[in-house]
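Scroll down for the structure; my scribbles are underneath it.
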Amino acid sequence: MHSCTILQDADNYQPDTLDLNTDAKAAAYWFPCFRELVIKQAKQAASSQADDATAEQRAAQFQAAYLQQLDDYQNNISGNSGKVVLGTSELLKLNETMLRRFGFADPWLRQKQQENALAKARLKQRLQEIDAIADEDARWTELVRGVLAGNMFDWGAQAIASILEQDSNFGLHAALDRIEERPWLLDNLDAWLQRLRRPSPHKCAAIFVDNSGVDVVLGILPFARELLRRGTKVLLCANSEPSLNDVTSRELSVLLDDCACQCSILESAWRSNRLLVYANGQSGPCLDMRTLPLDLCDAITANETDLLVIEGMGRALHTNLNAHFNCETLKLAVIKNRWLAKYLGGDKMFAVICKYEHS
């Protein structure tokens, strides 16, 4: 494990926002949630290998093993309270660990491929929409809203999965209409816009991305492109291993090969290594900065990274919401869970977190 230089206090860094071992209300909500989630995951796992006669049995074994471990965690709360942090990140990662154990390496692969193909076909239009906005504040506001709307496309969130299952035409513009109107639940957008008015661009931005498809292609890439246009080098950091419909670093590299040819800014940066892709060392949908690979840590240091962008519920809400870093940080997420929105002081589904922090 390598502690990255962007951690303000590596020894006391605690990524998890919730601790189910000490927060009884959180435990009472999340344990039943994960018991429901695993049923859906087992169905997805079996259907992803429908041509394998053993898939149904292995999916049932996965479900049973996950539920057994979940029971163990819950039964040991009294003994572990105050000693061991049990975050939702552990239960999310457990899902991926158990899937792999029973032979389901990437149950959402076909879904990711389909969504990437659809999003790539709409990238040029989205970039044209962005470029048509002459006012810089308005353009950056739309870019941030685009990241947030893109983050809606998360098959791990039941509220979103229901929308996507019922409406195959649900796209970025429909998602833009769904997210909370400003002022957002946590709204530091004005401070971010004020920073961008300064003449000095960031040297290097490390962007920790989330979902495949609309999220990374139509949300993150236009945002990264605008940073590149300002003269900022960009490191796109994606999962090392599959998790739900999150994009992996290998998939993202292929996507950029396909997407860069649609835009001269992206193409130039991709070919000249001003836009780079790194694996983030994660095998689940959350983010623990203590487990970043050495090559990513070295790149963050060597490029004098002075902007950290963390996107998505797993990486910016379940983990890292309260973490402090040695550089400017922008945390962006749409809350796709009403309990979590209320926990954070809101009362709306699809409430927005836009948290900008100075170093």
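Residue names in the structure tokens use chain letters A, B, ... in the order shown, residue numbers from 1 in each chain, and ligand numbers from 1 in the order shown.
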Per residue of region 206-225 of chain A within 12 Å of region 279-287 of chain A, which atom pair is closest and at what distance in Å (one decimal), using only C-alpha atoms, listed by chain and increasing number, as a Markdown table?
| residue | atom | partner | partner_atom | distance |
| --- | --- | --- | --- | --- |
| A:Ala206 | CA | A:Asn280 | CA | 10.6 |
| A:Ile207 | CA | A:Asn280 | CA | 10.3 |
| A:Phe208 | CA | A:Asn280 | CA | 7.9 |
| A:Val209 | CA | A:Asn280 | CA | 9.6 |
| A:Asp210 | CA | A:Pro285 | CA | 7.7 |
| A:Asn211 | CA | A:Pro285 | CA | 9.2 |
Take the residues that were just selected and, keeping N, CA, C and O atoms, output them as a PDB file, in the first residue's frame.
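Once written, selection.pdb looks like this:
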ATOM      1  N   ALA A 206      -6.185  15.253 -11.180  1.00  0.00           N
ATOM      2  CA  ALA A 206      -6.446  13.818 -11.088  1.00  0.00           C
ATOM      3  C   ALA A 206      -7.948  13.647 -10.888  1.00  0.00           C
ATOM      4  O   ALA A 206      -8.498  14.120  -9.889  1.00  0.00           O
ATOM      5  N   ILE A 207      -8.608  13.022 -11.862  1.00  0.00           N
ATOM      6  CA  ILE A 207     -10.060  12.849 -11.821  1.00  0.00           C
ATOM      7  C   ILE A 207     -10.388  11.383 -11.588  1.00  0.00           C
ATOM      8  O   ILE A 207     -10.048  10.519 -12.409  1.00  0.00           O
ATOM      9  N   PHE A 208     -11.028  11.097 -10.466  1.00  0.00           N
ATOM     10  CA  PHE A 208     -11.430   9.728 -10.147  1.00  0.00           C
ATOM     11  C   PHE A 208     -12.853   9.523 -10.641  1.00  0.00           C
ATOM     12  O   PHE A 208     -13.805  10.085 -10.099  1.00  0.00           O
ATOM     13  N   VAL A 209     -12.968   8.725 -11.706  1.00  0.00           N
ATOM     14  CA  VAL A 209     -14.228   8.610 -12.439  1.00  0.00           C
ATOM     15  C   VAL A 209     -15.079   7.470 -11.888  1.00  0.00           C
ATOM     16  O   VAL A 209     -14.622   6.664 -11.081  1.00  0.00           O
ATOM     17  N   ASP A 210     -16.322   7.394 -12.396  1.00  0.00           N
ATOM     18  CA  ASP A 210     -17.290   6.454 -11.846  1.00  0.00           C
ATOM     19  C   ASP A 210     -17.825   5.512 -12.934  1.00  0.00           C
ATOM     20  O   ASP A 210     -17.154   4.554 -13.295  1.00  0.00           O
ATOM     21  N   ASN A 211     -18.987   5.812 -13.470  1.00  0.00           N
ATOM     22  CA  ASN A 211     -19.708   4.861 -14.320  1.00  0.00           C
ATOM     23  C   ASN A 211     -19.295   4.914 -15.789  1.00  0.00           C
ATOM     24  O   ASN A 211     -18.785   5.917 -16.275  1.00  0.00           O
TER      25      ASN A 211
END
| said: Let's see if you can do this: from backbone DSSP, list all strand (DSSP E) residues in region 27-212 of chain A, as a PyMOL selection string. | reply: chain A and resi 186-187+204-208
| request: Please identify all polymer residues within 12 Å of Gln114 (chain A), counting only C-alpha atoms, omitting same-chain residues fewer than 5 positions from it, and present them as a ChimeraX atom specification. | output: /A:108-109,119-121,168,212-214,245
Take the residues from that selection and put them in a file with all heavy atoms, as a PDB file, in the first residue's frame.
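Dumped everything to selection30.pdb:
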ATOM      1  N   TRP A 108     -21.737  -6.981 -15.461  1.00  0.00           N
ATOM      2  CA  TRP A 108     -22.349  -5.853 -16.170  1.00  0.00           C
ATOM      3  C   TRP A 108     -21.638  -5.541 -17.488  1.00  0.00           C
ATOM      4  O   TRP A 108     -21.866  -4.482 -18.087  1.00  0.00           O
ATOM      5  CB  TRP A 108     -22.338  -4.608 -15.278  1.00  0.00           C
ATOM      6  CG  TRP A 108     -23.159  -4.772 -14.038  1.00  0.00           C
ATOM      7  CD1 TRP A 108     -22.712  -5.189 -12.820  1.00  0.00           C
ATOM      8  CD2 TRP A 108     -24.559  -4.546 -13.892  1.00  0.00           C
ATOM      9  NE1 TRP A 108     -23.749  -5.236 -11.917  1.00  0.00           N
ATOM     10  CE2 TRP A 108     -24.895  -4.850 -12.554  1.00  0.00           C
ATOM     11  CE3 TRP A 108     -25.562  -4.119 -14.760  1.00  0.00           C
ATOM     12  CZ2 TRP A 108     -26.192  -4.731 -12.070  1.00  0.00           C
ATOM     13  CZ3 TRP A 108     -26.864  -3.997 -14.279  1.00  0.00           C
ATOM     14  CH2 TRP A 108     -27.161  -4.302 -12.949  1.00  0.00           C
ATOM     15  N   LEU A 109     -20.802  -6.434 -17.960  1.00  0.00           N
ATOM     16  CA  LEU A 109     -19.982  -6.156 -19.144  1.00  0.00           C
ATOM     17  C   LEU A 109     -20.829  -5.779 -20.364  1.00  0.00           C
ATOM     18  O   LEU A 109     -20.561  -4.774 -21.024  1.00  0.00           O
ATOM     19  CB  LEU A 109     -19.107  -7.372 -19.476  1.00  0.00           C
ATOM     20  CG  LEU A 109     -18.225  -7.229 -20.730  1.00  0.00           C
ATOM     21  CD1 LEU A 109     -17.269  -6.062 -20.589  1.00  0.00           C
ATOM     22  CD2 LEU A 109     -17.469  -8.530 -20.997  1.00  0.00           C
ATOM     23  N   ALA A 119     -23.253   6.286 -25.881  1.00  0.00           N
ATOM     24  CA  ALA A 119     -22.699   7.571 -25.430  1.00  0.00           C
ATOM     25  C   ALA A 119     -21.694   8.117 -26.435  1.00  0.00           C
ATOM     26  O   ALA A 119     -21.668   9.327 -26.711  1.00  0.00           O
ATOM     27  CB  ALA A 119     -22.051   7.395 -24.058  1.00  0.00           C
ATOM     28  N   LYS A 120     -20.854   7.252 -27.003  1.00  0.00           N
ATOM     29  CA  LYS A 120     -19.863   7.696 -27.991  1.00  0.00           C
ATOM     30  C   LYS A 120     -20.541   8.372 -29.179  1.00  0.00           C
ATOM     31  O   LYS A 120     -20.027   9.350 -29.723  1.00  0.00           O
ATOM     32  CB  LYS A 120     -19.017   6.516 -28.471  1.00  0.00           C
ATOM     33  CG  LYS A 120     -17.974   6.049 -27.483  1.00  0.00           C
ATOM     34  CD  LYS A 120     -17.051   4.997 -28.076  1.00  0.00           C
ATOM     35  CE  LYS A 120     -17.761   3.713 -28.399  1.00  0.00           C
ATOM     36  NZ  LYS A 120     -16.844   2.655 -28.882  1.00  0.00           N
ATOM     37  N   ALA A 121     -21.686   7.855 -29.570  1.00  0.00           N
ATOM     38  CA  ALA A 121     -22.401   8.402 -30.716  1.00  0.00           C
ATOM     39  C   ALA A 121     -22.965   9.795 -30.441  1.00  0.00           C
ATOM     40  O   ALA A 121     -23.273  10.534 -31.382  1.00  0.00           O
ATOM     41  CB  ALA A 121     -23.534   7.463 -31.119  1.00  0.00           C
ATOM     42  N   SER A 168     -35.918   3.159 -21.840  1.00  0.00           N
ATOM     43  CA  SER A 168     -34.670   2.898 -22.562  1.00  0.00           C
ATOM     44  C   SER A 168     -34.135   4.149 -23.248  1.00  0.00           C
ATOM     45  O   SER A 168     -32.982   4.175 -23.683  1.00  0.00           O
ATOM     46  CB  SER A 168     -34.889   1.785 -23.602  1.00  0.00           C
ATOM     47  OG  SER A 168     -35.889   2.180 -24.533  1.00  0.00           O
ATOM     48  N   SER A 212     -19.582   3.825 -16.483  1.00  0.00           N
ATOM     49  CA  SER A 212     -19.399   3.761 -17.923  1.00  0.00           C
ATOM     50  C   SER A 212     -20.479   4.589 -18.621  1.00  0.00           C
ATOM     51  O   SER A 212     -21.364   5.153 -17.997  1.00  0.00           O
ATOM     52  CB  SER A 212     -19.499   2.304 -18.408  1.00  0.00           C
ATOM     53  OG  SER A 212     -18.488   1.510 -17.850  1.00  0.00           O
ATOM     54  N   GLY A 213     -20.420   4.637 -19.937  1.00  0.00           N
ATOM     55  CA  GLY A 213     -21.481   5.217 -20.739  1.00  0.00           C
ATOM     56  C   GLY A 213     -21.611   6.713 -20.603  1.00  0.00           C
ATOM     57  O   GLY A 213     -20.643   7.466 -20.693  1.00  0.00           O
ATOM     58  N   VAL A 214     -22.851   7.175 -20.391  1.00  0.00           N
ATOM     59  CA  VAL A 214     -23.148   8.602 -20.334  1.00  0.00           C
ATOM     60  C   VAL A 214     -22.268   9.309 -19.312  1.00  0.00           C
ATOM     61  O   VAL A 214     -21.779  10.422 -19.550  1.00  0.00           O
ATOM     62  CB  VAL A 214     -24.644   8.814 -19.999  1.00  0.00           C
ATOM     63  CG1 VAL A 214     -24.934  10.287 -19.721  1.00  0.00           C
ATOM     64  CG2 VAL A 214     -25.513   8.311 -21.137  1.00  0.00           C
ATOM     65  N   ASN A 245     -21.444  -1.165 -12.902  1.00  0.00           N
ATOM     66  CA  ASN A 245     -21.229  -0.656 -14.263  1.00  0.00           C
ATOM     67  C   ASN A 245     -20.145   0.414 -14.309  1.00  0.00           C
ATOM     68  O   ASN A 245     -20.080   1.219 -15.235  1.00  0.00           O
ATOM     69  CB  ASN A 245     -22.534  -0.113 -14.862  1.00  0.00           C
ATOM     70  CG  ASN A 245     -23.046   1.117 -14.142  1.00  0.00           C
ATOM     71  OD1 ASN A 245     -23.095   1.143 -12.911  1.00  0.00           O
ATOM     72  ND2 ASN A 245     -23.463   2.137 -14.881  1.00  0.00           N
TER      73      ASN A 245
END
| said: Taking the DSSP secondary structure from the backbone, can you list the residues of region 204-330 of chain A that are alpha helix (DSSP H), as a ChimeraX atom specification? | reply: /A:214,221-229,249-259,264-271,294-302,313
Could you please take those selected residues and save N, CA, C and O atoms as a compact mmCIF listing (two decimals), in the first residue's frame?
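So the final result, stored in again_4.txt, reads:
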# COMPACT_ATOMS: atom_id res chain seq x y z
N VAL A 214 -22.85 7.17 -20.39
CA VAL A 214 -23.15 8.60 -20.33
C VAL A 214 -22.27 9.31 -19.31
O VAL A 214 -21.78 10.42 -19.55
N LEU A 221 -15.65 13.46 -19.83
CA LEU A 221 -14.77 13.87 -20.94
C LEU A 221 -14.94 15.34 -21.32
O LEU A 221 -13.93 16.04 -21.51
N PRO A 222 -16.16 15.89 -21.42
CA PRO A 222 -16.26 17.33 -21.68
C PRO A 222 -15.65 18.18 -20.57
O PRO A 222 -15.03 19.22 -20.84
N PHE A 223 -15.80 17.74 -19.31
CA PHE A 223 -15.20 18.45 -18.18
C PHE A 223 -13.67 18.42 -18.29
O PHE A 223 -13.00 19.45 -18.14
N ALA A 224 -13.11 17.23 -18.55
CA ALA A 224 -11.66 17.10 -18.69
C ALA A 224 -11.15 17.91 -19.87
O ALA A 224 -10.08 18.53 -19.81
N ARG A 225 -11.92 17.92 -20.95
CA ARG A 225 -11.54 18.67 -22.15
C ARG A 225 -11.40 20.17 -21.84
O ARG A 225 -10.49 20.84 -22.33
N GLU A 226 -12.30 20.70 -21.02
CA GLU A 226 -12.23 22.13 -20.69
C GLU A 226 -11.00 22.43 -19.84
O GLU A 226 -10.37 23.48 -19.99
N LEU A 227 -10.64 21.50 -18.95
CA LEU A 227 -9.41 21.66 -18.19
C LEU A 227 -8.20 21.64 -19.12
O LEU A 227 -7.28 22.45 -18.99
N LEU A 228 -8.21 20.72 -20.06
CA LEU A 228 -7.11 20.63 -21.04
C LEU A 228 -7.00 21.93 -21.84
O LEU A 228 -5.91 22.42 -22.11
N ARG A 229 -8.14 22.50 -22.19
CA ARG A 229 -8.15 23.74 -22.96
C ARG A 229 -7.52 24.88 -22.16
O ARG A 229 -6.93 25.80 -22.74
N SER A 249 -10.02 0.96 -15.96
CA SER A 249 -8.96 1.70 -16.65
C SER A 249 -8.72 1.14 -18.05
O SER A 249 -8.47 1.89 -19.00
N ARG A 250 -8.79 -0.18 -18.19
CA ARG A 250 -8.60 -0.78 -19.51
C ARG A 250 -9.71 -0.35 -20.47
O ARG A 250 -9.46 -0.01 -21.63
N GLU A 251 -10.94 -0.37 -20.00
CA GLU A 251 -12.07 0.05 -20.83
C GLU A 251 -11.96 1.53 -21.18
O GLU A 251 -12.29 1.93 -22.31
N LEU A 252 -11.51 2.33 -20.24
CA LEU A 252 -11.42 3.77 -20.47
C LEU A 252 -10.36 4.10 -21.52
O LEU A 252 -10.55 5.01 -22.34
N SER A 253 -9.26 3.37 -21.52
CA SER A 253 -8.24 3.58 -22.55
C SER A 253 -8.78 3.30 -23.94
O SER A 253 -8.53 4.05 -24.89
N VAL A 254 -9.56 2.23 -24.06
CA VAL A 254 -10.18 1.90 -25.35
C VAL A 254 -11.19 2.97 -25.74
O VAL A 254 -11.27 3.40 -26.91
N LEU A 255 -11.97 3.43 -24.77
CA LEU A 255 -12.94 4.49 -25.03
C LEU A 255 -12.27 5.75 -25.56
O LEU A 255 -12.76 6.40 -26.50
N LEU A 256 -11.14 6.11 -24.96
CA LEU A 256 -10.45 7.32 -25.39
C LEU A 256 -9.88 7.17 -26.79
O LEU A 256 -9.84 8.14 -27.55
N ASP A 257 -9.44 6.00 -27.13
CA ASP A 257 -8.99 5.77 -28.51
C ASP A 257 -10.13 6.08 -29.48
O ASP A 257 -9.91 6.65 -30.56
N ASP A 258 -11.35 5.70 -29.10
CA ASP A 258 -12.51 5.91 -29.96
C ASP A 258 -13.04 7.34 -29.91
O ASP A 258 -13.49 7.87 -30.92
N CYS A 259 -12.99 7.95 -28.72
CA CYS A 259 -13.58 9.28 -28.54
C CYS A 259 -12.67 10.42 -28.98
O CYS A 259 -13.14 11.46 -29.43
N SER A 264 -10.47 17.64 -31.62
CA SER A 264 -9.04 17.93 -31.78
C SER A 264 -8.34 18.16 -30.46
O SER A 264 -7.17 17.81 -30.29
N ILE A 265 -9.05 18.74 -29.48
CA ILE A 265 -8.46 18.98 -28.16
C ILE A 265 -8.16 17.66 -27.46
O ILE A 265 -7.06 17.45 -26.94
N LEU A 266 -9.14 16.77 -27.46
CA LEU A 266 -8.95 15.45 -26.83
C LEU A 266 -7.89 14.65 -27.58
O LEU A 266 -7.03 14.00 -26.96
N GLU A 267 -7.93 14.69 -28.90
CA GLU A 267 -6.99 13.91 -29.69
C GLU A 267 -5.55 14.37 -29.44
O GLU A 267 -4.66 13.55 -29.24
N SER A 268 -5.33 15.68 -29.47
CA SER A 268 -3.98 16.21 -29.25
C SER A 268 -3.47 15.84 -27.86
O SER A 268 -2.31 15.42 -27.71
N ALA A 269 -4.33 15.98 -26.86
CA ALA A 269 -3.92 15.67 -25.48
C ALA A 269 -3.66 14.19 -25.29
O ALA A 269 -2.72 13.78 -24.62
N TRP A 270 -4.50 13.35 -25.90
CA TRP A 270 -4.37 11.89 -25.79
C TRP A 270 -3.08 11.42 -26.46
O TRP A 270 -2.36 10.57 -25.92
N ARG A 271 -2.77 11.99 -27.63
CA ARG A 271 -1.56 11.59 -28.36
C ARG A 271 -0.28 12.14 -27.73
O ARG A 271 0.78 11.51 -27.84
N LEU A 294 1.37 2.34 -6.93
CA LEU A 294 2.57 3.17 -6.86
C LEU A 294 2.73 4.04 -8.10
O LEU A 294 3.12 5.20 -8.00
N ASP A 295 2.40 3.49 -9.29
CA ASP A 295 2.59 4.29 -10.50
C ASP A 295 1.66 5.51 -10.52
O ASP A 295 2.04 6.59 -11.00
N LEU A 296 0.45 5.38 -9.97
CA LEU A 296 -0.45 6.51 -9.90
C LEU A 296 0.05 7.53 -8.87
O LEU A 296 0.03 8.74 -9.13
N CYS A 297 0.49 7.05 -7.73
CA CYS A 297 1.06 7.96 -6.72
C CYS A 297 2.24 8.73 -7.29
O CYS A 297 2.37 9.95 -7.08
N ASP A 298 3.10 8.03 -8.02
CA ASP A 298 4.27 8.68 -8.62
C ASP A 298 3.84 9.72 -9.65
O ASP A 298 4.42 10.82 -9.73
N ALA A 299 2.81 9.40 -10.44
CA ALA A 299 2.33 10.34 -11.46
C ALA A 299 1.72 11.58 -10.81
O ALA A 299 1.91 12.72 -11.28
N ILE A 300 0.98 11.38 -9.74
CA ILE A 300 0.38 12.51 -9.03
C ILE A 300 1.46 13.45 -8.51
O ILE A 300 1.35 14.67 -8.61
N THR A 301 2.53 12.85 -7.99
CA THR A 301 3.63 13.67 -7.45
C THR A 301 4.44 14.31 -8.57
O THR A 301 4.71 15.52 -8.54
N ALA A 302 4.82 13.54 -9.56
CA ALA A 302 5.69 14.03 -10.64
C ALA A 302 5.04 15.16 -11.42
O ALA A 302 5.73 16.09 -11.88
N MET A 313 -21.28 8.64 -5.89
CA MET A 313 -21.67 8.33 -4.52
C MET A 313 -20.65 7.48 -3.79
O MET A 313 -20.33 7.73 -2.63
At a cut-off of 9 Å, can you tabulate as a tab-separated table every residue of region 169-239 of chain A near region 334-348 of chain A together with its closest atom pair and the distance in Å to one decimal, using only C-alpha atoms and ordering rows by chain then number?
residue	atom	partner	partner_atom	distance
A:Ile179	CA	A:Val334	CA	7.4
A:Glu180	CA	A:Lys348	CA	7.7
A:Leu185	CA	A:Gly346	CA	6.1
Would you export the selected residues with N, CA and C atoms as a PDB file, in the first residue's frame, please?
ATOM      1  N   ILE A 179     -32.026  16.248 -11.868  1.00  0.00           N
ATOM      2  CA  ILE A 179     -31.205  16.605 -10.710  1.00  0.00           C
ATOM      3  C   ILE A 179     -31.765  17.853 -10.030  1.00  0.00           C
ATOM      4  N   GLU A 180     -31.437  17.976  -8.774  1.00  0.00           N
ATOM      5  CA  GLU A 180     -31.918  19.061  -7.934  1.00  0.00           C
ATOM      6  C   GLU A 180     -31.558  20.430  -8.519  1.00  0.00           C
ATOM      7  N   LEU A 185     -27.921  20.770  -2.225  1.00  0.00           N
ATOM      8  CA  LEU A 185     -27.780  20.374  -0.821  1.00  0.00           C
ATOM      9  C   LEU A 185     -26.436  20.824  -0.262  1.00  0.00           C
TER      10      LEU A 185
END
